[in-house]
file model-v7.txt (compact mmCIF, C-alpha atoms)
# COMPACT_ATOMS: atom_id res chain seq x y z
CA MET A 1 0.00 0.00 0.00
CA ILE A 2 1.36 3.39 -0.94
CA GLN A 3 0.95 5.88 1.83
CA HIS A 4 1.28 9.59 1.33
CA GLU A 5 2.97 11.24 4.25
CA ALA A 6 1.58 14.58 5.21
CA ASP A 7 3.86 17.48 5.94
CA LEU A 8 1.46 18.69 8.60
CA GLY A 9 3.46 17.32 11.49
CA ARG A 10 1.72 16.21 14.65
CA ASN A 11 0.40 19.51 15.93
CA SER A 12 -1.25 21.21 12.99
CA TRP A 13 -4.70 21.02 14.51
CA GLU A 14 -6.39 23.45 12.14
CA GLY A 15 -4.77 22.00 9.05
CA ALA A 16 -5.73 18.45 9.97
CA ALA A 17 -9.31 19.53 10.61
CA ARG A 18 -9.47 21.41 7.32
CA ILE A 19 -8.26 18.44 5.31
CA ALA A 20 -10.56 15.98 7.07
CA ALA A 21 -13.55 18.23 6.43
CA LEU A 22 -12.98 17.77 2.70
CA CYS A 23 -12.18 14.06 2.86
CA ALA A 24 -14.69 11.48 1.63
CA THR A 25 -12.94 8.61 3.38
CA PHE A 26 -12.66 10.04 6.89
CA HIS A 27 -13.68 7.48 9.47
CA PRO A 28 -13.28 8.15 13.19
CA ASP A 29 -10.74 5.95 14.94
CA ASP A 30 -11.52 4.35 18.28
CA GLU A 31 -12.15 6.97 20.93
CA ASP A 32 -8.95 5.97 22.69
CA GLU A 33 -6.85 6.81 19.68
CA GLN A 34 -8.36 10.23 19.03
CA ILE A 35 -6.21 13.17 20.09
CA ALA A 36 -7.71 16.21 18.37
CA ASP A 37 -10.49 18.23 19.94
CA ASP A 38 -12.21 18.51 16.55
CA LEU A 39 -13.68 15.09 15.86
CA LEU A 40 -13.32 15.69 12.14
CA SER A 41 -9.54 15.71 11.92
CA CYS A 42 -6.97 13.59 10.17
CA TYR A 43 -5.47 13.09 13.63
CA ASN A 44 -8.63 11.26 14.70
CA CYS A 45 -9.04 9.20 11.55
CA ARG A 46 -8.80 5.44 11.50
CA TYR A 47 -6.83 5.66 8.27
CA ARG A 48 -4.03 7.90 9.49
CA ARG A 49 -0.87 6.10 10.37
CA TRP A 50 1.46 7.94 12.70
CA THR A 51 5.05 8.36 11.67
CA ALA A 52 7.94 9.69 13.70
CA VAL A 53 7.24 13.30 12.76
CA SER A 54 3.81 13.31 11.15
CA PHE A 55 1.37 10.75 9.71
CA SER A 56 0.51 9.08 6.45
CA CYS A 57 -2.90 8.41 4.94
CA CYS A 58 -3.65 4.75 4.32
CA LYS A 59 -6.39 5.77 1.89
CA ASN A 60 -3.87 7.63 -0.20
CA MET A 61 -5.75 10.90 -0.02
CA PRO A 62 -3.76 13.85 -1.30
CA PHE A 63 -2.90 16.37 1.38
CA THR A 64 -3.89 19.69 -0.06
CA ASN A 65 -4.98 22.70 1.92
CA MET B 1 -3.49 -12.76 43.35
CA ARG B 2 -3.08 -9.64 41.28
CA ILE B 3 -2.12 -10.00 37.64
CA LEU B 4 -1.52 -7.72 34.70
CA ILE B 5 -2.86 -8.72 31.30
CA SER B 6 -1.37 -6.85 28.38
CA ILE B 7 -1.97 -7.29 24.66
CA ASP B 8 -0.66 -5.68 21.51
CA ASP B 9 -0.89 -5.80 17.75
CA THR B 10 -4.29 -7.42 17.38
CA ASP B 11 -5.92 -5.17 14.81
CA ASN B 12 -5.90 -4.03 11.22
CA LEU B 13 -7.33 -0.90 9.64
CA GLU B 14 -10.88 -2.27 9.50
CA SER B 15 -11.14 -4.35 12.68
CA PRO B 16 -12.03 -3.42 16.27
CA GLY B 17 -9.02 -1.93 18.03
CA THR B 18 -6.78 -3.60 20.56
CA GLY B 19 -8.51 -1.63 23.31
CA ALA B 20 -11.85 -3.22 22.47
CA LEU B 21 -10.31 -6.68 22.73
CA ALA B 22 -8.67 -5.85 26.05
CA SER B 23 -11.99 -4.62 27.41
CA GLN B 24 -13.69 -7.79 26.25
CA ILE B 25 -11.11 -10.00 27.96
CA ALA B 26 -11.51 -7.93 31.15
CA TYR B 27 -15.29 -8.34 30.92
CA ASP B 28 -15.11 -12.06 30.21
CA LEU B 29 -12.74 -12.60 33.14
CA GLU B 30 -15.46 -11.30 35.42
CA SER B 31 -18.28 -13.09 33.60
CA ASN B 32 -16.49 -16.37 34.14
CA CYS B 33 -16.18 -15.56 37.86
CA TRP B 34 -12.40 -15.78 37.70
CA GLY B 35 -11.91 -12.46 39.43
CA LYS B 36 -12.33 -8.70 39.28
CA SER B 37 -10.89 -6.60 36.47
CA SER B 38 -9.78 -3.00 36.68
CA PHE B 39 -9.66 -0.27 34.06
CA VAL B 40 -7.81 -0.68 30.76
CA THR B 41 -4.92 1.65 30.00
CA ARG B 42 -3.42 2.59 26.65
CA HIS B 43 0.34 2.88 26.38
CA GLN B 44 2.05 4.60 23.48
CA LEU B 45 5.18 2.88 22.21
CA LEU B 46 7.83 4.11 19.83
CA VAL B 47 6.79 4.92 16.28
CA HIS B 48 9.72 4.07 14.04
CA PRO B 49 10.17 2.85 10.44
CA ASP B 50 11.76 -0.37 11.71
CA ILE B 51 8.75 -1.24 13.85
CA PRO B 52 5.74 -2.89 12.18
CA TYR B 53 2.47 -1.46 13.52
CA THR B 54 -0.99 -0.79 12.19
CA SER B 55 -1.42 2.90 12.79
CA HIS B 56 -0.38 3.99 16.27
CA ASN B 57 1.71 1.31 18.02
CA SER B 58 -0.06 1.31 21.35
CA ALA B 59 -0.44 -1.53 23.82
CA MET B 60 -3.41 -2.10 26.12
CA CYS B 61 -3.22 -3.42 29.67
CA PHE B 62 -5.44 -4.03 32.68
CA SER B 63 -4.95 -5.51 36.12
CA ALA B 64 -7.16 -8.10 37.74
CA ASP B 65 -7.48 -9.77 41.10
CA ILE B 66 -8.10 -13.46 40.53
CA GLY B 67 -8.11 -16.69 42.49
CA GLU B 68 -4.76 -18.44 42.23
CA GLU B 69 -6.49 -21.55 40.90
CA CYS B 70 -7.85 -19.49 37.97
CA LEU B 71 -4.52 -18.34 36.55
CA ASP B 72 -4.09 -21.09 33.97
CA ARG B 73 -7.70 -20.72 32.85
CA VAL B 74 -7.30 -16.96 32.44
CA ILE B 75 -4.13 -17.35 30.37
CA THR B 76 -5.64 -20.07 28.19
CA TYR B 77 -8.80 -18.04 27.68
CA ALA B 78 -6.91 -14.87 26.73
CA ALA B 79 -4.63 -16.78 24.35
CA ASN B 80 -7.56 -18.51 22.62
CA PHE B 81 -9.45 -15.23 22.52
CA LEU B 82 -6.59 -13.50 20.73
CA GLU B 83 -6.26 -16.32 18.23
CA ARG B 84 -9.97 -16.17 17.54
CA GLU B 85 -10.58 -12.42 17.57
CA SER B 86 -7.40 -10.81 16.31
CA ALA B 87 -7.64 -9.38 12.83
CA PRO B 88 -6.14 -10.98 9.73
CA GLY B 89 -2.64 -9.68 9.17
CA SER B 90 -2.09 -8.79 12.81
CA ASP B 91 0.74 -10.14 14.97
CA PRO B 92 -0.84 -10.49 18.41
CA GLY B 93 1.09 -10.86 21.63
CA LEU B 94 -0.07 -11.62 25.17
CA CYS B 95 1.69 -10.97 28.45
CA VAL B 96 0.38 -12.08 31.83
CA ALA B 97 2.38 -10.98 34.85
CA VAL B 98 1.67 -12.30 38.35
CA LEU B 99 2.70 -9.37 40.49
CA ASP B 100 3.15 -11.35 43.71
CA ARG B 101 5.74 -13.52 41.97
CA LEU B 102 7.57 -10.72 40.24
CA GLN B 103 11.00 -10.43 41.81
CA GLU B 104 12.46 -7.62 39.77
CA SER B 105 9.65 -5.25 38.95
CA GLY B 106 12.17 -2.57 37.99
CA GLU B 107 13.37 -4.70 35.08
CA LEU B 108 9.85 -5.00 33.68
CA ILE B 109 9.27 -1.27 34.07
CA ARG B 110 12.57 -0.52 32.35
CA PHE B 111 11.60 -2.74 29.42
CA GLY B 112 8.39 -0.75 29.03
CA GLN B 113 10.24 2.54 29.13
CA ALA B 114 12.79 1.26 26.63
CA ALA B 115 9.99 0.36 24.20
CA LYS B 116 9.04 4.03 24.11
CA GLN B 117 12.55 5.07 23.18
CA SER B 118 14.16 2.37 21.07
CA VAL B 119 13.54 -0.50 18.68
CA LEU B 120 13.43 -3.78 20.61
CA THR B 121 13.41 -7.34 19.36
CA LYS B 122 11.17 -10.31 19.99
CA GLU B 123 14.16 -12.20 21.27
CA SER B 124 14.87 -9.57 23.90
CA ALA B 125 11.23 -9.64 24.98
CA TYR B 126 11.18 -13.42 25.39
CA GLU B 127 14.50 -13.32 27.18
CA ARG B 128 13.29 -10.71 29.63
CA ALA B 129 9.96 -12.48 30.19
CA GLN B 130 11.73 -15.74 30.94
CA GLN B 131 14.12 -13.99 33.28
CA LEU B 132 11.23 -12.42 35.17
CA GLY B 133 8.98 -15.49 35.13
CA LEU B 134 6.18 -13.91 33.11
CA HIS B 135 3.83 -15.50 30.62
CA LEU B 136 4.57 -14.14 27.14
CA SER B 137 3.08 -15.72 24.03
CA GLU B 138 2.34 -14.95 20.40
CA HIS B 139 -0.93 -15.80 18.69
CA GLY B 140 -0.62 -15.30 14.98
CA GLY B 141 1.34 -13.62 12.23
CA THR B 142 4.90 -12.78 13.12
CA GLY B 143 4.09 -12.61 16.82
CA GLN B 144 5.83 -9.27 16.95
CA GLY B 145 3.15 -8.08 19.36
CA VAL B 146 4.93 -9.82 22.22
CA ILE B 147 7.25 -6.81 22.44
CA GLY B 148 4.42 -4.37 22.95
CA ALA B 149 2.55 -6.75 25.24
CA LEU B 150 5.52 -7.03 27.57
CA ALA B 151 6.17 -3.30 27.35
CA GLY B 152 2.52 -2.52 28.13
CA ALA B 153 2.73 -4.58 31.30
CA GLY B 154 5.88 -2.73 32.32
CA LEU B 155 4.39 0.68 31.68
CA ARG B 156 1.22 -0.18 33.56
CA LEU B 157 3.27 -1.47 36.45
CA GLY B 158 5.33 1.72 36.45
CA GLY B 159 2.09 3.58 37.04
CA ASN B 160 2.99 6.77 35.22
CA ASP B 161 2.15 6.20 31.58
CA GLY B 162 -0.91 6.22 29.42
CA ARG B 163 -4.53 7.22 29.28
CA LEU B 164 -7.44 5.18 30.55
CA LYS B 165 -9.60 3.64 27.88
CA GLY B 166 -13.00 5.23 27.53
CA GLN B 167 -14.42 8.55 28.55
CA LEU B 168 -16.40 9.47 31.63
CA SER B 169 -19.86 10.96 31.93
CA PHE B 170 -21.43 12.85 34.80
CA SER B 171 -24.73 14.24 35.87
CA ALA B 172 -23.72 17.88 36.19
CA PRO B 173 -26.13 20.78 35.64
CA GLY B 174 -24.60 23.23 33.20
CA GLY B 175 -21.58 21.00 32.86
CA ILE B 176 -20.14 22.31 36.13
CA ILE B 177 -19.31 20.04 39.05
CA SER B 178 -17.27 20.15 42.26
CA VAL B 179 -13.89 18.50 42.67
CA ALA B 180 -15.37 16.45 45.52
CA ALA B 181 -18.12 15.12 43.26
CA LEU B 182 -15.60 14.26 40.55
CA ALA B 183 -13.41 12.44 43.04
CA GLY B 184 -16.46 10.41 44.05
CA HIS B 185 -16.73 8.89 40.58
CA ASP B 186 -15.92 5.17 40.49
CA MET B 187 -13.31 5.66 37.79
CA ILE B 188 -11.52 8.66 39.32
CA ASP B 189 -9.00 8.22 42.12
CA GLU B 190 -7.84 11.81 42.24
CA VAL B 191 -8.33 15.23 40.67
CA ARG B 192 -5.04 16.98 40.03
CA SER B 193 -4.04 20.17 38.23
CA LEU B 194 -1.80 19.89 35.21
CA ASP B 195 0.71 22.37 36.62
CA GLY B 196 0.74 20.89 40.10
CA SER B 197 -1.07 23.74 41.83
CA ALA B 198 -3.41 22.75 44.63
CA VAL B 199 -6.98 21.72 43.86
CA ALA B 200 -9.50 22.01 46.71
CA ASP B 201 -12.49 19.72 47.18
CA PHE B 202 -14.84 22.69 47.04
CA ASP B 203 -13.40 24.09 43.81
CA MET B 204 -15.69 23.90 40.79
CA VAL B 205 -14.74 22.36 37.45
CA ARG B 206 -16.18 22.96 33.99
CA LEU B 207 -16.47 19.67 32.14
CA GLY B 208 -15.22 19.50 28.57
CA ASP B 209 -16.83 17.48 25.80
CA LYS B 210 -14.64 14.47 26.48
CA VAL B 211 -13.54 13.69 29.99
CA LYS B 212 -10.69 11.20 30.30
CA THR B 213 -8.28 10.24 33.04
CA VAL B 214 -4.61 9.33 32.89
CA LEU B 215 -2.44 6.93 34.86
CA LEU B 216 -0.24 8.75 37.37
CA ASP B 217 1.30 7.23 40.48
CA GLY B 218 -0.68 4.10 39.70
CA ARG B 219 -3.96 5.97 40.01
CA SER B 220 -6.69 7.11 37.66
CA VAL B 221 -6.14 10.87 37.72
CA LEU B 222 -8.40 13.52 36.23
CA LEU B 223 -6.22 16.43 35.17
CA VAL B 224 -7.63 19.95 35.19
CA VAL B 225 -6.33 23.33 34.11
CA ALA B 226 -7.20 26.80 35.35
CA THR B 227 -10.00 28.48 33.44
CA ALA B 228 -9.35 31.72 31.68
CA GLY B 229 -11.75 34.62 31.88
CA ALA B 230 -14.44 35.53 34.37
CA SER B 231 -13.39 35.29 38.00
CA ASP B 232 -16.88 34.30 39.15
CA GLY B 233 -16.95 31.10 37.08
CA PRO B 234 -15.46 27.69 37.84
CA ARG B 235 -11.80 27.81 38.78
CA TRP B 236 -10.90 24.75 36.73
CA GLN B 237 -11.77 22.95 33.52
CA THR B 238 -10.99 19.44 32.38
CA CYS B 239 -8.13 18.96 29.93
CA SER B 240 -8.86 18.79 26.23
CA ARG B 241 -7.83 15.77 24.19
CA GLN B 242 -5.01 17.81 22.77
CA LEU B 243 -3.62 18.50 26.22
CA LEU B 244 -3.82 14.81 27.07
CA LYS B 245 -2.03 13.75 23.90
CA LYS B 246 1.34 13.37 25.60
CA TYR B 247 0.04 10.84 28.13

call {"tool": "encode", "arguments": {"input": "model-v7.txt", "output": "structure tokens"}}
result
Amino acid sequence: MIQHEADLGRNSWEGAARIAALCATFHPDDEDEQIADDLLSCYNCRYRRWTAVSFSCCKNMPFTN
Amino acid sequence: MRILISIDDTDNLESPGTGALASQIAYDLESNCWGKSSFVTRHQLLVHPDIPYTSHNSAMCFSADIGEECLDRVITYAANFLERESAPGSDPGLCVAVLDRLQESGELIRFGQAAKQSVLTKESAYERAQQLGLHLSEHGGTGQGVIGALAGAGLRLGGNDGRLKGQLSFSAPGGIISVAALAGHDMIDEVRSLDGSAVADFDMVRLGDKVKTVLLDGRSVLLVVATAGASDGPRWQTCSRQLLKKY
């Protein structure tokens, strides 16, 4: 599976919310794995995979603001 | 006897998470009258390109008080459960630690802390488990989850890592409640401020949308922060998810 790594980092709360709001594949992860206050955020998505400095999208969604 | 049950690497992108499986084992342990389970904690491990993980690399652990005669049944049940319920493609691991028999608890805690900082091997996990007399077993795939399972037990034992699974709800008019009432909740051992300043029983707290506790000093602690703004409102508010991210 190709995964596109976002350059958002791990603390771009507004950016992650903005992207998720436009994403057709967003699916909330388990409550225990959610870290953003906005439910609709890449950081709370089941399909984000954390990396050392950011995350990648397992649904291969392009990260455009 | 008190035991720790820790599991890791049981899920894939579409399956229930490892936390759900840990909760189910905790529930089943009680349903089978083997003992009494406590809360489940989530422990974040290192995220690194050399570590295979689904999406977050977190282990789940709970403690239980069981009859000594039930230990083998509990281990067998948990092992079979993982083999049955873990998702295709996962690499589940199970650790069961009998705390009364644990001679060198510091070694287990250090393994957990090391798993947050460095890439560890299966071999080192099995070696440490054998040394400490713990049950450690793999139940599918590569079995790589034994590393996280052992680490989760160590971090739970250390008592200062992770968030409790689930969120809490309260009956609180206007979403405002006293510290004393919060501390009376079954799942809260203590209310503590994030910056260490004193919190009085009579202080009032504004509840956020999601109320979660963290594991500190072996206790379920609700962290609060000072409110900004009007001086006649509650002195404290619960921490947001974003503030709890580091736990």

call {"tool": "interface_residues", "arguments": {"input": "model-v7.txt", "of": "chain A", "to": "chain B", "cutoff": "12 Å", "atoms": "all atoms listed in the file", "output": "PyMOL selection string"}}
result
chain A and resi 3+10-13+27-39+41+43-59

call {"tool": "closest_residue", "arguments": {"input": "model-v7.txt", "among": "B:Leu223, B:Asp9, B:Glu85, B:Gln117", "to": "Gln144 (chain B)", "atoms": "only C-alpha atoms"}}
result
B:Asp9

call {"tool": "closest_residue", "arguments": {"input": "model-v7.txt", "among": "B:Ile51, B:Leu207, B:Ile176, B:Leu108", "to": "Gln131 (chain B)", "atoms": "all atoms listed in the file"}}
result
B:Leu108

call {"tool": "residues_around", "arguments": {"input": "model-v7.txt", "residues": "region 28-35 of chain B", "least_positions_apart": "3", "cutoff": "10 Å", "atoms": "all atoms listed in the file", "output": "ChimeraX atom specification"}}
result
/B:1-2,22-25,64-71,73-74,77-78

call {"tool": "closest_residue", "arguments": {"input": "model-v7.txt", "among": "B:Ala129, B:Val214, B:Met187, B:Val40", "to": "Ser169 (chain B)", "atoms": "only C-alpha atoms"}}
result
B:Met187

call {"tool": "atom_distance", "arguments": {"input": "model-v7.txt", "atom1": "CA of Gln237 (chain B)", "atom2": "CA of Val224 (chain B)"}}
result
5.4 Å
